[in-house]
Amino acid sequence: MERYGTVGEGSFCVDPEAGVNALLNDANELLQYARGITDLLVESLQEDEIPERQRTLLALGGVGALITMGVQCVARAHAKMEWDRV
């Protein structure tokens, strides 16, 4: 993921040569990051003091981006699996 995981221009680059296992591993990693951020947000929102609204919104946007990238990896892996069956 480090080599092709560049973010810019509103897109995430998925290596077209990546195998199914690599894609699923990347998806798992991205979703774990999203879960970690979500857990951190839940903990901070349960405290008496509410965090800055802008930072919370940015964190939620980051969770959305990580989930979107994970879904892209899973979709590409699924397509590769189906293509290999043909």
# chains A, B, ... in the order shown; residues from 1 in each chain; ligands from 1
call {"tool": "residues_around", "arguments": {"residues": "range 26-29 of chain A", "least_positions_apart": "2", "cutoff": "8 Å", "atoms": "only C-alpha atoms", "output": "ChimeraX atom specification"}}
result
/A:1,22-24,31-33,69-71,73-74
call {"tool": "write_last_selection", "arguments": {"atoms": "N, CA and C atoms", "output": "PDB file, in the first residue's frame"}}
result
ATOM      1  N   MET A   1       0.814  -1.185   0.000  1.00  0.00           N
ATOM      2  CA  MET A   1       0.000   0.000   0.000  1.00  0.00           C
ATOM      3  C   MET A   1       0.861   1.253   0.000  1.00  0.00           C
ATOM      4  N   ALA A  22      -3.243  -9.024  -1.678  1.00  0.00           N
ATOM      5  CA  ALA A  22      -2.731  -7.688  -1.361  1.00  0.00           C
ATOM      6  C   ALA A  22      -3.877  -6.686  -1.241  1.00  0.00           C
ATOM      7  N   LEU A  23      -4.837  -6.763  -2.152  1.00  0.00           N
ATOM      8  CA  LEU A  23      -5.976  -5.849  -2.108  1.00  0.00           C
ATOM      9  C   LEU A  23      -6.802  -6.048  -0.841  1.00  0.00           C
ATOM     10  N   LEU A  24      -7.045  -7.301  -0.478  1.00  0.00           N
ATOM     11  CA  LEU A  24      -7.827  -7.566   0.728  1.00  0.00           C
ATOM     12  C   LEU A  24      -7.058  -7.179   1.987  1.00  0.00           C
ATOM     13  N   LEU A  31      -9.581  -0.285   6.856  1.00  0.00           N
ATOM     14  CA  LEU A  31     -10.751  -0.360   7.729  1.00  0.00           C
ATOM     15  C   LEU A  31     -10.361  -0.383   9.203  1.00  0.00           C
ATOM     16  N   GLN A  32      -9.193  -0.937   9.527  1.00  0.00           N
ATOM     17  CA  GLN A  32      -8.706  -0.888  10.903  1.00  0.00           C
ATOM     18  C   GLN A  32      -8.368   0.542  11.307  1.00  0.00           C
ATOM     19  N   TYR A  33      -7.766   1.310  10.380  1.00  0.00           N
ATOM     20  CA  TYR A  33      -7.505   2.728  10.647  1.00  0.00           C
ATOM     21  C   TYR A  33      -8.819   3.464  10.906  1.00  0.00           C
ATOM     22  N   MET A  69     -11.775   4.000   0.392  1.00  0.00           N
ATOM     23  CA  MET A  69     -10.595   3.345  -0.179  1.00  0.00           C
ATOM     24  C   MET A  69     -10.620   1.840   0.079  1.00  0.00           C
ATOM     25  N   GLY A  70     -11.073   1.442   1.276  1.00  0.00           N
ATOM     26  CA  GLY A  70     -11.188   0.018   1.572  1.00  0.00           C
ATOM     27  C   GLY A  70     -12.188  -0.660   0.662  1.00  0.00           C
ATOM     28  N   VAL A  71     -13.301   0.010   0.396  1.00  0.00           N
ATOM     29  CA  VAL A  71     -14.324  -0.538  -0.498  1.00  0.00           C
ATOM     30  C   VAL A  71     -13.761  -0.667  -1.910  1.00  0.00           C
ATOM     31  N   CYS A  73     -10.666  -1.254  -2.732  1.00  0.00           N
ATOM     32  CA  CYS A  73      -9.779  -2.421  -2.728  1.00  0.00           C
ATOM     33  C   CYS A  73     -10.573  -3.717  -2.777  1.00  0.00           C
ATOM     34  N   VAL A  74     -11.647  -3.802  -1.990  1.00  0.00           N
ATOM     35  CA  VAL A  74     -12.473  -5.014  -1.980  1.00  0.00           C
ATOM     36  C   VAL A  74     -13.147  -5.209  -3.332  1.00  0.00           C
TER      37      VAL A  74
END
call {"tool": "select_by_dssp", "arguments": {"residues": "chain A", "states": "helix (DSSP H, G or I)", "output": "PDB file with N, CA, C and O atoms, in the first residue's frame"}}
result
ATOM      1  N   VAL A  20      -5.212 -10.372  -5.389  1.00  0.00           N
ATOM      2  CA  VAL A  20      -6.380 -10.405  -4.519  1.00  0.00           C
ATOM      3  C   VAL A  20      -5.970 -10.311  -3.049  1.00  0.00           C
ATOM      4  O   VAL A  20      -6.547  -9.527  -2.283  1.00  0.00           O
ATOM      5  N   ASN A  21      -4.964 -11.071  -2.639  1.00  0.00           N
ATOM      6  CA  ASN A  21      -4.539 -11.040  -1.236  1.00  0.00           C
ATOM      7  C   ASN A  21      -4.042  -9.667  -0.826  1.00  0.00           C
ATOM      8  O   ASN A  21      -4.374  -9.176   0.258  1.00  0.00           O
ATOM      9  N   ALA A  22      -3.243  -9.024  -1.678  1.00  0.00           N
ATOM     10  CA  ALA A  22      -2.731  -7.688  -1.361  1.00  0.00           C
ATOM     11  C   ALA A  22      -3.877  -6.686  -1.241  1.00  0.00           C
ATOM     12  O   ALA A  22      -3.892  -5.853  -0.330  1.00  0.00           O
ATOM     13  N   LEU A  23      -4.837  -6.763  -2.152  1.00  0.00           N
ATOM     14  CA  LEU A  23      -5.976  -5.849  -2.108  1.00  0.00           C
ATOM     15  C   LEU A  23      -6.802  -6.048  -0.841  1.00  0.00           C
ATOM     16  O   LEU A  23      -7.206  -5.078  -0.189  1.00  0.00           O
ATOM     17  N   LEU A  24      -7.045  -7.301  -0.478  1.00  0.00           N
ATOM     18  CA  LEU A  24      -7.827  -7.566   0.728  1.00  0.00           C
ATOM     19  C   LEU A  24      -7.058  -7.179   1.987  1.00  0.00           C
ATOM     20  O   LEU A  24      -7.649  -6.665   2.949  1.00  0.00           O
ATOM     21  N   ASN A  25      -5.740  -7.375   1.988  1.00  0.00           N
ATOM     22  CA  ASN A  25      -4.929  -6.944   3.129  1.00  0.00           C
ATOM     23  C   ASN A  25      -4.959  -5.420   3.265  1.00  0.00           C
ATOM     24  O   ASN A  25      -5.055  -4.892   4.371  1.00  0.00           O
ATOM     25  N   ASP A  26      -4.861  -4.711   2.138  1.00  0.00           N
ATOM     26  CA  ASP A  26      -4.932  -3.249   2.179  1.00  0.00           C
ATOM     27  C   ASP A  26      -6.299  -2.794   2.684  1.00  0.00           C
ATOM     28  O   ASP A  26      -6.396  -1.858   3.482  1.00  0.00           O
ATOM     29  N   ALA A  27      -7.366  -3.437   2.204  1.00  0.00           N
ATOM     30  CA  ALA A  27      -8.706  -3.082   2.660  1.00  0.00           C
ATOM     31  C   ALA A  27      -8.828  -3.280   4.163  1.00  0.00           C
ATOM     32  O   ALA A  27      -9.370  -2.423   4.873  1.00  0.00           O
ATOM     33  N   ASN A  28      -8.298  -4.385   4.665  1.00  0.00           N
ATOM     34  CA  ASN A  28      -8.332  -4.661   6.098  1.00  0.00           C
ATOM     35  C   ASN A  28      -7.588  -3.581   6.875  1.00  0.00           C
ATOM     36  O   ASN A  28      -8.078  -3.074   7.887  1.00  0.00           O
ATOM     37  N   GLU A  29      -6.409  -3.198   6.387  1.00  0.00           N
ATOM     38  CA  GLU A  29      -5.612  -2.169   7.045  1.00  0.00           C
ATOM     39  C   GLU A  29      -6.354  -0.830   7.076  1.00  0.00           C
ATOM     40  O   GLU A  29      -6.424  -0.164   8.106  1.00  0.00           O
ATOM     41  N   LEU A  30      -6.926  -0.441   5.940  1.00  0.00           N
ATOM     42  CA  LEU A  30      -7.656   0.822   5.865  1.00  0.00           C
ATOM     43  C   LEU A  30      -8.858   0.829   6.804  1.00  0.00           C
ATOM     44  O   LEU A  30      -9.130   1.821   7.486  1.00  0.00           O
ATOM     45  N   LEU A  31      -9.581  -0.285   6.856  1.00  0.00           N
ATOM     46  CA  LEU A  31     -10.751  -0.360   7.729  1.00  0.00           C
ATOM     47  C   LEU A  31     -10.361  -0.383   9.203  1.00  0.00           C
ATOM     48  O   LEU A  31     -11.086   0.144  10.051  1.00  0.00           O
ATOM     49  N   GLN A  32      -9.193  -0.937   9.527  1.00  0.00           N
ATOM     50  CA  GLN A  32      -8.706  -0.888  10.903  1.00  0.00           C
ATOM     51  C   GLN A  32      -8.368   0.542  11.307  1.00  0.00           C
ATOM     52  O   GLN A  32      -8.633   0.963  12.441  1.00  0.00           O
ATOM     53  N   TYR A  33      -7.766   1.310  10.380  1.00  0.00           N
ATOM     54  CA  TYR A  33      -7.505   2.728  10.647  1.00  0.00           C
ATOM     55  C   TYR A  33      -8.819   3.464  10.906  1.00  0.00           C
ATOM     56  O   TYR A  33      -8.923   4.260  11.840  1.00  0.00           O
ATOM     57  N   ALA A  34      -9.813   3.210  10.063  1.00  0.00           N
ATOM     58  CA  ALA A  34     -11.116   3.860  10.224  1.00  0.00           C
ATOM     59  C   ALA A  34     -11.726   3.506  11.576  1.00  0.00           C
ATOM     60  O   ALA A  34     -12.284   4.368  12.268  1.00  0.00           O
ATOM     61  N   ARG A  35     -11.594   2.244  11.953  1.00  0.00           N
ATOM     62  CA  ARG A  35     -12.141   1.820  13.246  1.00  0.00           C
ATOM     63  C   ARG A  35     -11.422   2.507  14.393  1.00  0.00           C
ATOM     64  O   ARG A  35     -12.044   2.942  15.368  1.00  0.00           O
ATOM     65  N   GLY A  36     -10.098   2.626  14.290  1.00  0.00           N
ATOM     66  CA  GLY A  36      -9.333   3.297  15.335  1.00  0.00           C
ATOM     67  C   GLY A  36      -9.739   4.749  15.503  1.00  0.00           C
ATOM     68  O   GLY A  36      -9.896   5.240  16.637  1.00  0.00           O
ATOM     69  N   ILE A  37      -9.914   5.450  14.400  1.00  0.00           N
ATOM     70  CA  ILE A  37     -10.336   6.847  14.472  1.00  0.00           C
ATOM     71  C   ILE A  37     -11.746   6.943  15.057  1.00  0.00           C
ATOM     72  O   ILE A  37     -12.023   7.805  15.896  1.00  0.00           O
ATOM     73  N   THR A  38     -12.631   6.046  14.634  1.00  0.00           N
ATOM     74  CA  THR A  38     -14.000   6.052  15.146  1.00  0.00           C
ATOM     75  C   THR A  38     -14.007   5.804  16.653  1.00  0.00           C
ATOM     76  O   THR A  38     -14.711   6.500  17.398  1.00  0.00           O
ATOM     77  N   ASP A  39     -13.219   4.836  17.115  1.00  0.00           N
ATOM     78  CA  ASP A  39     -13.139   4.561  18.554  1.00  0.00           C
ATOM     79  C   ASP A  39     -12.634   5.783  19.316  1.00  0.00           C
ATOM     80  O   ASP A  39     -13.146   6.116  20.389  1.00  0.00           O
ATOM     81  N   LEU A  40     -11.628   6.446  18.764  1.00  0.00           N
ATOM     82  CA  LEU A  40     -11.077   7.647  19.394  1.00  0.00           C
ATOM     83  C   LEU A  40     -12.131   8.754  19.464  1.00  0.00           C
ATOM     84  O   LEU A  40     -12.271   9.429  20.486  1.00  0.00           O
ATOM     85  N   LEU A  41     -12.887   8.930  18.389  1.00  0.00           N
ATOM     86  CA  LEU A  41     -13.950   9.938  18.386  1.00  0.00           C
ATOM     87  C   LEU A  41     -15.026   9.616  19.413  1.00  0.00           C
ATOM     88  O   LEU A  41     -15.511  10.508  20.120  1.00  0.00           O
ATOM     89  N   VAL A  42     -15.409   8.353  19.492  1.00  0.00           N
ATOM     90  CA  VAL A  42     -16.433   7.949  20.465  1.00  0.00           C
ATOM     91  C   VAL A  42     -15.959   8.262  21.880  1.00  0.00           C
ATOM     92  O   VAL A  42     -16.708   8.828  22.690  1.00  0.00           O
ATOM     93  N   GLU A  43     -14.703   7.938  22.189  1.00  0.00           N
ATOM     94  CA  GLU A  43     -14.158   8.221  23.520  1.00  0.00           C
ATOM     95  C   GLU A  43     -14.154   9.719  23.804  1.00  0.00           C
ATOM     96  O   GLU A  43     -14.531  10.146  24.894  1.00  0.00           O
ATOM     97  N   SER A  44     -13.726  10.511  22.820  1.00  0.00           N
ATOM     98  CA  SER A  44     -13.635  11.955  23.053  1.00  0.00           C
ATOM     99  C   SER A  44     -15.009  12.595  23.168  1.00  0.00           C
ATOM    100  O   SER A  44     -15.184  13.569  23.899  1.00  0.00           O
ATOM    101  N   LEU A  45     -16.007  12.064  22.472  1.00  0.00           N
ATOM    102  CA  LEU A  45     -17.349  12.628  22.543  1.00  0.00           C
ATOM    103  C   LEU A  45     -18.077  12.228  23.820  1.00  0.00           C
ATOM    104  O   LEU A  45     -19.073  12.854  24.191  1.00  0.00           O
ATOM    105  N   GLN A  46     -17.602  11.197  24.507  1.00  0.00           N
ATOM    106  CA  GLN A  46     -18.229  10.773  25.757  1.00  0.00           C
ATOM    107  C   GLN A  46     -17.749  11.599  26.934  1.00  0.00           C
ATOM    108  O   GLN A  46     -18.355  11.581  27.993  1.00  0.00           O
ATOM    109  N   ARG A  53     -15.309  21.441  16.787  1.00  0.00           N
ATOM    110  CA  ARG A  53     -16.204  20.956  15.737  1.00  0.00           C
ATOM    111  C   ARG A  53     -15.442  20.693  14.442  1.00  0.00           C
ATOM    112  O   ARG A  53     -15.641  19.662  13.792  1.00  0.00           O
ATOM    113  N   GLN A  54     -14.583  21.622  14.038  1.00  0.00           N
ATOM    114  CA  GLN A  54     -13.858  21.481  12.769  1.00  0.00           C
ATOM    115  C   GLN A  54     -12.970  20.240  12.777  1.00  0.00           C
ATOM    116  O   GLN A  54     -12.931  19.494  11.803  1.00  0.00           O
ATOM    117  N   ARG A  55     -12.260  20.005  13.865  1.00  0.00           N
ATOM    118  CA  ARG A  55     -11.387  18.823  13.944  1.00  0.00           C
ATOM    119  C   ARG A  55     -12.204  17.546  13.930  1.00  0.00           C
ATOM    120  O   ARG A  55     -11.813  16.548  13.321  1.00  0.00           O
ATOM    121  N   THR A  56     -13.354  17.550  14.587  1.00  0.00           N
ATOM    122  CA  THR A  56     -14.226  16.370  14.588  1.00  0.00           C
ATOM    123  C   THR A  56     -14.743  16.089  13.181  1.00  0.00           C
ATOM    124  O   THR A  56     -14.756  14.941  12.735  1.00  0.00           O
ATOM    125  N   LEU A  57     -15.141  17.141  12.473  1.00  0.00           N
ATOM    126  CA  LEU A  57     -15.621  16.973  11.105  1.00  0.00           C
ATOM    127  C   LEU A  57     -14.518  16.458  10.190  1.00  0.00           C
ATOM    128  O   LEU A  57     -14.761  15.601   9.324  1.00  0.00           O
ATOM    129  N   LEU A  58     -13.312  16.961  10.359  1.00  0.00           N
ATOM    130  CA  LEU A  58     -12.178  16.461   9.559  1.00  0.00           C
ATOM    131  C   LEU A  58     -11.916  14.990   9.844  1.00  0.00           C
ATOM    132  O   LEU A  58     -11.660  14.210   8.922  1.00  0.00           O
ATOM    133  N   ALA A  59     -11.982  14.614  11.104  1.00  0.00           N
ATOM    134  CA  ALA A  59     -11.765  13.207  11.466  1.00  0.00           C
ATOM    135  C   ALA A  59     -12.846  12.320  10.854  1.00  0.00           C
ATOM    136  O   ALA A  59     -12.553  11.234  10.337  1.00  0.00           O
ATOM    137  N   LEU A  60     -14.089  12.775  10.895  1.00  0.00           N
ATOM    138  CA  LEU A  60     -15.174  11.998  10.291  1.00  0.00           C
ATOM    139  C   LEU A  60     -14.998  11.899   8.781  1.00  0.00           C
ATOM    140  O   LEU A  60     -15.280  10.859   8.179  1.00  0.00           O
ATOM    141  N   GLY A  61     -14.525  12.966   8.155  1.00  0.00           N
ATOM    142  CA  GLY A  61     -14.228  12.919   6.725  1.00  0.00           C
ATOM    143  C   GLY A  61     -13.123  11.929   6.423  1.00  0.00           C
ATOM    144  O   GLY A  61     -13.172  11.209   5.420  1.00  0.00           O
ATOM    145  N   GLY A  62     -12.132  11.869   7.314  1.00  0.00           N
ATOM    146  CA  GLY A  62     -11.051  10.895   7.157  1.00  0.00           C
ATOM    147  C   GLY A  62     -11.558   9.469   7.256  1.00  0.00           C
ATOM    148  O   GLY A  62     -11.137   8.593   6.499  1.00  0.00           O
ATOM    149  N   VAL A  63     -12.466   9.225   8.186  1.00  0.00           N
ATOM    150  CA  VAL A  63     -13.072   7.890   8.314  1.00  0.00           C
ATOM    151  C   VAL A  63     -13.792   7.530   7.019  1.00  0.00           C
ATOM    152  O   VAL A  63     -13.646   6.420   6.498  1.00  0.00           O
ATOM    153  N   GLY A  64     -14.541   8.477   6.475  1.00  0.00           N
ATOM    154  CA  GLY A  64     -15.245   8.230   5.217  1.00  0.00           C
ATOM    155  C   GLY A  64     -14.295   7.915   4.081  1.00  0.00           C
ATOM    156  O   GLY A  64     -14.543   7.003   3.282  1.00  0.00           O
ATOM    157  N   ALA A  65     -13.181   8.645   4.010  1.00  0.00           N
ATOM    158  CA  ALA A  65     -12.193   8.403   2.950  1.00  0.00           C
ATOM    159  C   ALA A  65     -11.550   7.031   3.105  1.00  0.00           C
ATOM    160  O   ALA A  65     -11.360   6.308   2.118  1.00  0.00           O
ATOM    161  N   LEU A  66     -11.210   6.653   4.335  1.00  0.00           N
ATOM    162  CA  LEU A  66     -10.604   5.336   4.564  1.00  0.00           C
ATOM    163  C   LEU A  66     -11.567   4.211   4.191  1.00  0.00           C
ATOM    164  O   LEU A  66     -11.170   3.214   3.589  1.00  0.00           O
ATOM    165  N   ILE A  67     -12.829   4.373   4.542  1.00  0.00           N
ATOM    166  CA  ILE A  67     -13.824   3.357   4.195  1.00  0.00           C
ATOM    167  C   ILE A  67     -13.987   3.276   2.678  1.00  0.00           C
ATOM    168  O   ILE A  67     -14.045   2.178   2.110  1.00  0.00           O
ATOM    169  N   THR A  68     -14.035   4.420   2.010  1.00  0.00           N
ATOM    170  CA  THR A  68     -14.160   4.443   0.552  1.00  0.00           C
ATOM    171  C   THR A  68     -12.981   3.735  -0.103  1.00  0.00           C
ATOM    172  O   THR A  68     -13.149   2.931  -1.033  1.00  0.00           O
ATOM    173  N   MET A  69     -11.775   4.000   0.392  1.00  0.00           N
ATOM    174  CA  MET A  69     -10.595   3.345  -0.179  1.00  0.00           C
ATOM    175  C   MET A  69     -10.620   1.840   0.079  1.00  0.00           C
ATOM    176  O   MET A  69     -10.256   1.044  -0.789  1.00  0.00           O
ATOM    177  N   GLY A  70     -11.073   1.442   1.276  1.00  0.00           N
ATOM    178  CA  GLY A  70     -11.188   0.018   1.572  1.00  0.00           C
ATOM    179  C   GLY A  70     -12.188  -0.660   0.662  1.00  0.00           C
ATOM    180  O   GLY A  70     -11.955  -1.771   0.169  1.00  0.00           O
ATOM    181  N   VAL A  71     -13.301   0.010   0.396  1.00  0.00           N
ATOM    182  CA  VAL A  71     -14.324  -0.538  -0.498  1.00  0.00           C
ATOM    183  C   VAL A  71     -13.761  -0.667  -1.910  1.00  0.00           C
ATOM    184  O   VAL A  71     -14.028  -1.660  -2.605  1.00  0.00           O
ATOM    185  N   GLN A  72     -12.971   0.307  -2.365  1.00  0.00           N
ATOM    186  CA  GLN A  72     -12.347   0.225  -3.681  1.00  0.00           C
ATOM    187  C   GLN A  72     -11.444  -1.002  -3.780  1.00  0.00           C
ATOM    188  O   GLN A  72     -11.458  -1.714  -4.788  1.00  0.00           O
ATOM    189  N   CYS A  73     -10.666  -1.254  -2.732  1.00  0.00           N
ATOM    190  CA  CYS A  73      -9.779  -2.421  -2.728  1.00  0.00           C
ATOM    191  C   CYS A  73     -10.573  -3.717  -2.777  1.00  0.00           C
ATOM    192  O   CYS A  73     -10.229  -4.641  -3.520  1.00  0.00           O
ATOM    193  N   VAL A  74     -11.647  -3.802  -1.990  1.00  0.00           N
ATOM    194  CA  VAL A  74     -12.473  -5.014  -1.980  1.00  0.00           C
ATOM    195  C   VAL A  74     -13.147  -5.209  -3.332  1.00  0.00           C
ATOM    196  O   VAL A  74     -13.204  -6.331  -3.855  1.00  0.00           O
ATOM    197  N   ALA A  75     -13.648  -4.129  -3.919  1.00  0.00           N
ATOM    198  CA  ALA A  75     -14.307  -4.238  -5.229  1.00  0.00           C
ATOM    199  C   ALA A  75     -13.323  -4.712  -6.286  1.00  0.00           C
ATOM    200  O   ALA A  75     -13.654  -5.566  -7.127  1.00  0.00           O
ATOM    201  N   ARG A  76     -12.109  -4.190  -6.261  1.00  0.00           N
ATOM    202  CA  ARG A  76     -11.093  -4.616  -7.236  1.00  0.00           C
ATOM    203  C   ARG A  76     -10.725  -6.081  -7.007  1.00  0.00           C
ATOM    204  O   ARG A  76     -10.571  -6.842  -7.955  1.00  0.00           O
ATOM    205  N   ALA A  77     -10.601  -6.492  -5.739  1.00  0.00           N
ATOM    206  CA  ALA A  77     -10.295  -7.891  -5.433  1.00  0.00           C
ATOM    207  C   ALA A  77     -11.414  -8.802  -5.930  1.00  0.00           C
ATOM    208  O   ALA A  77     -11.156  -9.860  -6.501  1.00  0.00           O
ATOM    209  N   HIS A  78     -12.649  -8.393  -5.702  1.00  0.00           N
ATOM    210  CA  HIS A  78     -13.788  -9.188  -6.160  1.00  0.00           C
ATOM    211  C   HIS A  78     -13.782  -9.318  -7.674  1.00  0.00           C
ATOM    212  O   HIS A  78     -13.998 -10.412  -8.222  1.00  0.00           O
ATOM    213  N   ALA A  79     -13.514  -8.217  -8.371  1.00  0.00           N
ATOM    214  CA  ALA A  79     -13.474  -8.261  -9.829  1.00  0.00           C
ATOM    215  C   ALA A  79     -12.353  -9.187 -10.321  1.00  0.00           C
ATOM    216  O   ALA A  79     -12.543  -9.959 -11.267  1.00  0.00           O
ATOM    217  N   LYS A  80     -11.195  -9.146  -9.658  1.00  0.00           N
ATOM    218  CA  LYS A  80     -10.085 -10.019 -10.039  1.00  0.00           C
ATOM    219  C   LYS A  80     -10.447 -11.485  -9.817  1.00  0.00           C
ATOM    220  O   LYS A  80     -10.120 -12.340 -10.625  1.00  0.00           O
ATOM    221  N   MET A  81     -11.125 -11.778  -8.699  1.00  0.00           N
ATOM    222  CA  MET A  81     -11.523 -13.152  -8.425  1.00  0.00           C
ATOM    223  C   MET A  81     -12.495 -13.646  -9.485  1.00  0.00           C
ATOM    224  O   MET A  81     -12.386 -14.785  -9.968  1.00  0.00           O
ATOM    225  N   GLU A  82     -13.444 -12.813  -9.865  1.00  0.00           N
ATOM    226  CA  GLU A  82     -14.411 -13.191 -10.879  1.00  0.00           C
ATOM    227  C   GLU A  82     -13.722 -13.365 -12.236  1.00  0.00           C
ATOM    228  O   GLU A  82     -14.028 -14.286 -12.996  1.00  0.00           O
ATOM    229  N   TRP A  83     -12.799 -12.479 -12.558  1.00  0.00           N
ATOM    230  CA  TRP A  83     -12.081 -12.547 -13.831  1.00  0.00           C
ATOM    231  C   TRP A  83     -11.250 -13.835 -13.904  1.00  0.00           C
ATOM    232  O   TRP A  83     -11.163 -14.472 -14.951  1.00  0.00           O
ATOM    233  N   ASP A  84     -10.638 -14.213 -12.784  1.00  0.00           N
ATOM    234  CA  ASP A  84      -9.817 -15.430 -12.738  1.00  0.00           C
ATOM    235  C   ASP A  84     -10.658 -16.688 -12.938  1.00  0.00           C
ATOM    236  O   ASP A  84     -10.154 -17.706 -13.401  1.00  0.00           O
ATOM    237  N   ARG A  85     -11.947 -16.615 -12.579  1.00  0.00           N
ATOM    238  CA  ARG A  85     -12.827 -17.780 -12.739  1.00  0.00           C
ATOM    239  C   ARG A  85     -13.229 -17.994 -14.187  1.00  0.00           C
ATOM    240  O   ARG A  85     -13.645 -19.084 -14.559  1.00  0.00           O
TER     241      ARG A  85
END
call {"tool": "select_by_dssp", "arguments": {"residues": "chain A", "states": "strand (DSSP E or B)", "output": "list in words"}}
result
Val7, Gly8, Ser11 and Phe12 of chain A
call {"tool": "decode", "arguments": {"residues": "range 22-28 of chain A", "atoms": "all heavy atoms", "output": "tab-separated table (two decimals), in the first residue's frame"}}
result
chain	number	residue	atom	x	y	z
A	22	ALA	N	-3.24	-9.02	-1.68
A	22	ALA	CA	-2.73	-7.69	-1.36
A	22	ALA	C	-3.88	-6.69	-1.24
A	22	ALA	O	-3.89	-5.85	-0.33
A	22	ALA	CB	-1.74	-7.24	-2.43
A	23	LEU	N	-4.84	-6.76	-2.15
A	23	LEU	CA	-5.98	-5.85	-2.11
A	23	LEU	C	-6.80	-6.05	-0.84
A	23	LEU	O	-7.21	-5.08	-0.19
A	23	LEU	CB	-6.86	-6.04	-3.34
A	23	LEU	CG	-6.25	-5.56	-4.66
A	23	LEU	CD1	-7.05	-6.11	-5.83
A	23	LEU	CD2	-6.20	-4.04	-4.70
A	24	LEU	N	-7.05	-7.30	-0.48
A	24	LEU	CA	-7.83	-7.57	0.73
A	24	LEU	C	-7.06	-7.18	1.99
A	24	LEU	O	-7.65	-6.66	2.95
A	24	LEU	CB	-8.25	-9.03	0.77
A	24	LEU	CG	-9.26	-9.43	-0.30
A	24	LEU	CD1	-9.54	-10.93	-0.25
A	24	LEU	CD2	-10.55	-8.65	-0.18
A	25	ASN	N	-5.74	-7.38	1.99
A	25	ASN	CA	-4.93	-6.94	3.13
A	25	ASN	C	-4.96	-5.42	3.27
A	25	ASN	O	-5.05	-4.89	4.37
A	25	ASN	CB	-3.49	-7.43	2.98
A	25	ASN	CG	-3.35	-8.90	3.23
A	25	ASN	OD1	-4.18	-9.53	3.88
A	25	ASN	ND2	-2.29	-9.49	2.70
A	26	ASP	N	-4.86	-4.71	2.14
A	26	ASP	CA	-4.93	-3.25	2.18
A	26	ASP	C	-6.30	-2.79	2.68
A	26	ASP	O	-6.40	-1.86	3.48
A	26	ASP	CB	-4.66	-2.65	0.80
A	26	ASP	CG	-3.19	-2.66	0.43
A	26	ASP	OD1	-2.36	-3.02	1.29
A	26	ASP	OD2	-2.88	-2.31	-0.71
A	27	ALA	N	-7.37	-3.44	2.20
A	27	ALA	CA	-8.71	-3.08	2.66
A	27	ALA	C	-8.83	-3.28	4.16
A	27	ALA	O	-9.37	-2.42	4.87
A	27	ALA	CB	-9.75	-3.92	1.92
A	28	ASN	N	-8.30	-4.38	4.66
A	28	ASN	CA	-8.33	-4.66	6.10
A	28	ASN	C	-7.59	-3.58	6.88
A	28	ASN	O	-8.08	-3.07	7.89
A	28	ASN	CB	-7.73	-6.04	6.38
A	28	ASN	CG	-7.83	-6.41	7.83
A	28	ASN	OD1	-8.87	-6.26	8.46
A	28	ASN	ND2	-6.72	-6.90	8.38
